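Asker: Have a look at this one.
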Amino acid sequence: MDKEFIFAIDCDEVLRQTLDKMIALYNEHFKDNKTRNDISDFKVDKSFPEIQAQTGITASQWFFQDHSSDLFLDTEAFPNIKKDIGTLRTFGKVIILTHQKTYKNKMDTLLWLEKNGIECDGICFLKDKTLLNVDYLIDDNDWNFKNSNAKHGILIDAPYNKNTDLGLILKSSYCHSITRQHSLHDFVKNFKKAITAIKHAQKTFRAKDVYKLKVNTTMNTCISAITAHIGESVMLEHFYLDGLTPKALLQYYNPSFRGGPHLKIININQLKNYIEP
């Protein structure tokens with residue numbers, strides 16, 4: 001597979017455990033016991049209204065101006081991110097794409113990346129992430145996928161996006177797909193599995209122009225990778241796609257195929273048409 005992918009990866013709550021640090025700072029200063037389960041909105045002024053009530057300044061100012069270094073420089077990285085970004089760079093280019101409110105936030109973020117030894121192919125401070133045309137936009141804020149020009153959106157789990165309707169977001173986006181992953185590490189693991197399966201299939205079945213994918217997973221990451229780079233007919237074995245109804249699946253089921261039950265040889269774009277919104 002010769003194609004180079006471009007991955008645009010958000011920093012906060014994808015690479016850096018910013019929310020946990022926010023909660024810890026808040027609890028320490030205001031003698032409270034707030035947890036991640038109490039955070040229901042991405043906007044800090046809505047999730048931490050107590051700060052303005054007690055200090056007279058907004059939570060945004062309190063965190064991003066008064067405690068910038070505490071929040072952005074001294075925060076822990078998520079496990080495995082250095083290795084995971086290195087893995088993605090073997091498939092293409094990795095851009096750290098993040099919106100930081102102030103100059104101090106930006107400098108603290110650059111120092112944090114250096115401190116944690118995170119190497120990438122570029123860093124972009126950008127509020128409107130819809131401007132970039134990349135293969136994968138990986139973010140925790142579902143708002144960034146609206147009107148996005150990324151080919152595929154990957155929403156990283158966070159307490160404020162647990163009720164996000166991805167089908168609804170997709171309708172307001174130019175993305176081919178938007179799928180959910182628990183973490184960047186999970187995305188990398190499943191992306192690598194999908195690409196490895198495709199490469200193996202290409203090598204094994206090139207003479208027949210048939211790609212046999214043995215991908216046993218419920219992760220939609222795989223379908224994103226396949227639809228982006230395979231235009232030929234595809235044979236799917238034990239491939240389960242969230243949102244695909246049993247009735248639609250039966251249309252492609254071929255129990256008489258040599259070697260056991262398989263799905264019929266289909267065009268991958270046909271399969272997408274049977275995904276319920």
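Residues are named by chain letter and number: chains run A, B, ... in the order of the structure tokens, numbers start at 1 in each chain, and ligands are numbered from 1 in the order shown.
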Fewer than 6 positions away in the same chain doesn't count, so skip those; otherwise give me all residues within 10 Å of Lys104 in chain A, counting only C-alpha atoms, as a PyMOL selection string.
Answerer: chain A and resi 64-65+68-69+72+110
Asker: Go ahead and write the residues just picked, C-alpha atoms, as a PDB file, in the first residue's frame.
Answerer:
ATOM      1  CA  PHE A  64      -6.476  29.044  30.641  1.00  0.00           C
ATOM      2  CA  GLN A  65      -4.961  32.271  31.943  1.00  0.00           C
ATOM      3  CA  SER A  68      -1.990  27.725  32.190  1.00  0.00           C
ATOM      4  CA  SER A  69       1.302  26.087  33.199  1.00  0.00           C
ATOM      5  CA  PHE A  72      -0.932  22.417  30.100  1.00  0.00           C
ATOM      6  CA  LEU A 110       4.933  23.202  22.716  1.00  0.00           C
TER       7      LEU A 110
END
Asker: Contacts of Asp142 in chain A at 8 Å or less, counting only C-alpha atoms, minus same-chain residues fewer than 2 places along, as a PDB file with C-alpha atoms, in the first residue's frame?
Answerer:
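Output contents, as saved in result-v1.pdb:
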ATOM      1  CA  ASP A 139     -10.567  14.638  18.223  1.00  0.00           C
ATOM      2  CA  ASP A 140     -12.629  14.509  21.412  1.00  0.00           C
ATOM      3  CA  ASN A 144     -14.986  19.779  15.071  1.00  0.00           C
ATOM      4  CA  PHE A 145     -16.499  17.224  12.703  1.00  0.00           C
ATOM      5  CA  LYS A 146     -19.358  19.482  11.625  1.00  0.00           C
ATOM      6  CA  LEU A 155     -14.206  10.722  17.970  1.00  0.00           C
ATOM      7  CA  ASN A 161     -19.472  13.321  24.105  1.00  0.00           C
ATOM      8  CA  THR A 164     -23.222  12.312  20.761  1.00  0.00           C
ATOM      9  CA  ILE A 169     -22.997  14.732  13.073  1.00  0.00           C
TER      10      ILE A 169
END
Asker: Range 33-227 of chain A: which residues are strand (DSSP E or B) by DSSP, as number ranges by chain?
Answerer: A: 77, 92-98, 122-125, 136-139, 152-156, 177-181, 211-214
Asker: Which distance in Å separates CA of Lys151 in chain A and CA of Asp135 in chain A, to one decimal?
Answerer: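 Calculated distance between CA of Lys151 in chain A and CA of Asp135 in chain A is 4.8 Å.
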Asker: Rounded to one decimal in Å, what is the spacing between CA of Asn80 in chain A and CA of Asn190 in chain A?
Answerer: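 Rounded to one decimal, the two atoms are 14.5 Å apart.
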Asker: Hey, can you check how far CA of His99 in chain A sits from CA of Leu111 in chain A?
Answerer: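 Separation between CA of His99 in chain A and CA of Leu111 in chain A: 15.4 Å.
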Asker: Excluding same-chain residues fewer than 3 positions from range 6-10 of chain A, what lies within 6 Å of it counting only C-alpha atoms, as a list of chain:residue names?
Answerer: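 Those residues are A:Val14, A:Gly92, A:Lys93, A:Val94, A:Ile95, A:Ile96, A:Leu97, A:Thr98, A:Val134, A:Asp135, A:Tyr136, A:Leu137, A:Ile138, A:Asp139.
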Asker: Determine which residues of range 1-153 of chain A DSSP labels as helix (DSSP H, G or I) from the backbone of this structure, then write them out as a ChimeraX atom specification.
Answerer: /A:18-30,36-38,44-47,49-55,59-66,68-73,81-89,103-115,129-131,142-145
Asker: Produce a table with one row for each residue of range 66-160 of chain A that has an atom at most 9 Å from any atom of range 24-29 of chain A, each row naming the nearest atom pair and its distance in Å at one decimal; use only C-alpha atoms; arrange rows by chain and rising residue number; format as JSON lines.
Answerer:
{"residue": "A:His67", "atom": "CA", "partner": "A:Leu25", "partner_atom": "CA", "distance": 8.7}
{"residue": "A:Asp70", "atom": "CA", "partner": "A:Leu25", "partner_atom": "CA", "distance": 8.1}
{"residue": "A:Leu71", "atom": "CA", "partner": "A:Leu25", "partner_atom": "CA", "distance": 8.0}
Asker: How would the residues just chosen look if you wrote them out with N, CA, C and O atoms as a PDB file, in the first residue's frame?
Answerer:
ATOM      1  N   HIS A  67      -3.996  29.579  35.372  1.00  0.00           N
ATOM      2  CA  HIS A  67      -3.350  28.298  35.689  1.00  0.00           C
ATOM      3  C   HIS A  67      -2.876  27.569  34.434  1.00  0.00           C
ATOM      4  O   HIS A  67      -2.920  26.340  34.366  1.00  0.00           O
ATOM      5  N   ASP A  70       0.119  25.079  35.087  1.00  0.00           N
ATOM      6  CA  ASP A  70      -0.366  23.939  35.880  1.00  0.00           C
ATOM      7  C   ASP A  70      -1.177  22.988  35.015  1.00  0.00           C
ATOM      8  O   ASP A  70      -1.073  21.764  35.145  1.00  0.00           O
ATOM      9  N   LEU A  71      -1.975  23.563  34.114  1.00  0.00           N
ATOM     10  CA  LEU A  71      -2.902  22.766  33.322  1.00  0.00           C
ATOM     11  C   LEU A  71      -2.233  22.130  32.114  1.00  0.00           C
ATOM     12  O   LEU A  71      -2.441  20.951  31.823  1.00  0.00           O
TER      13      LEU A  71
END
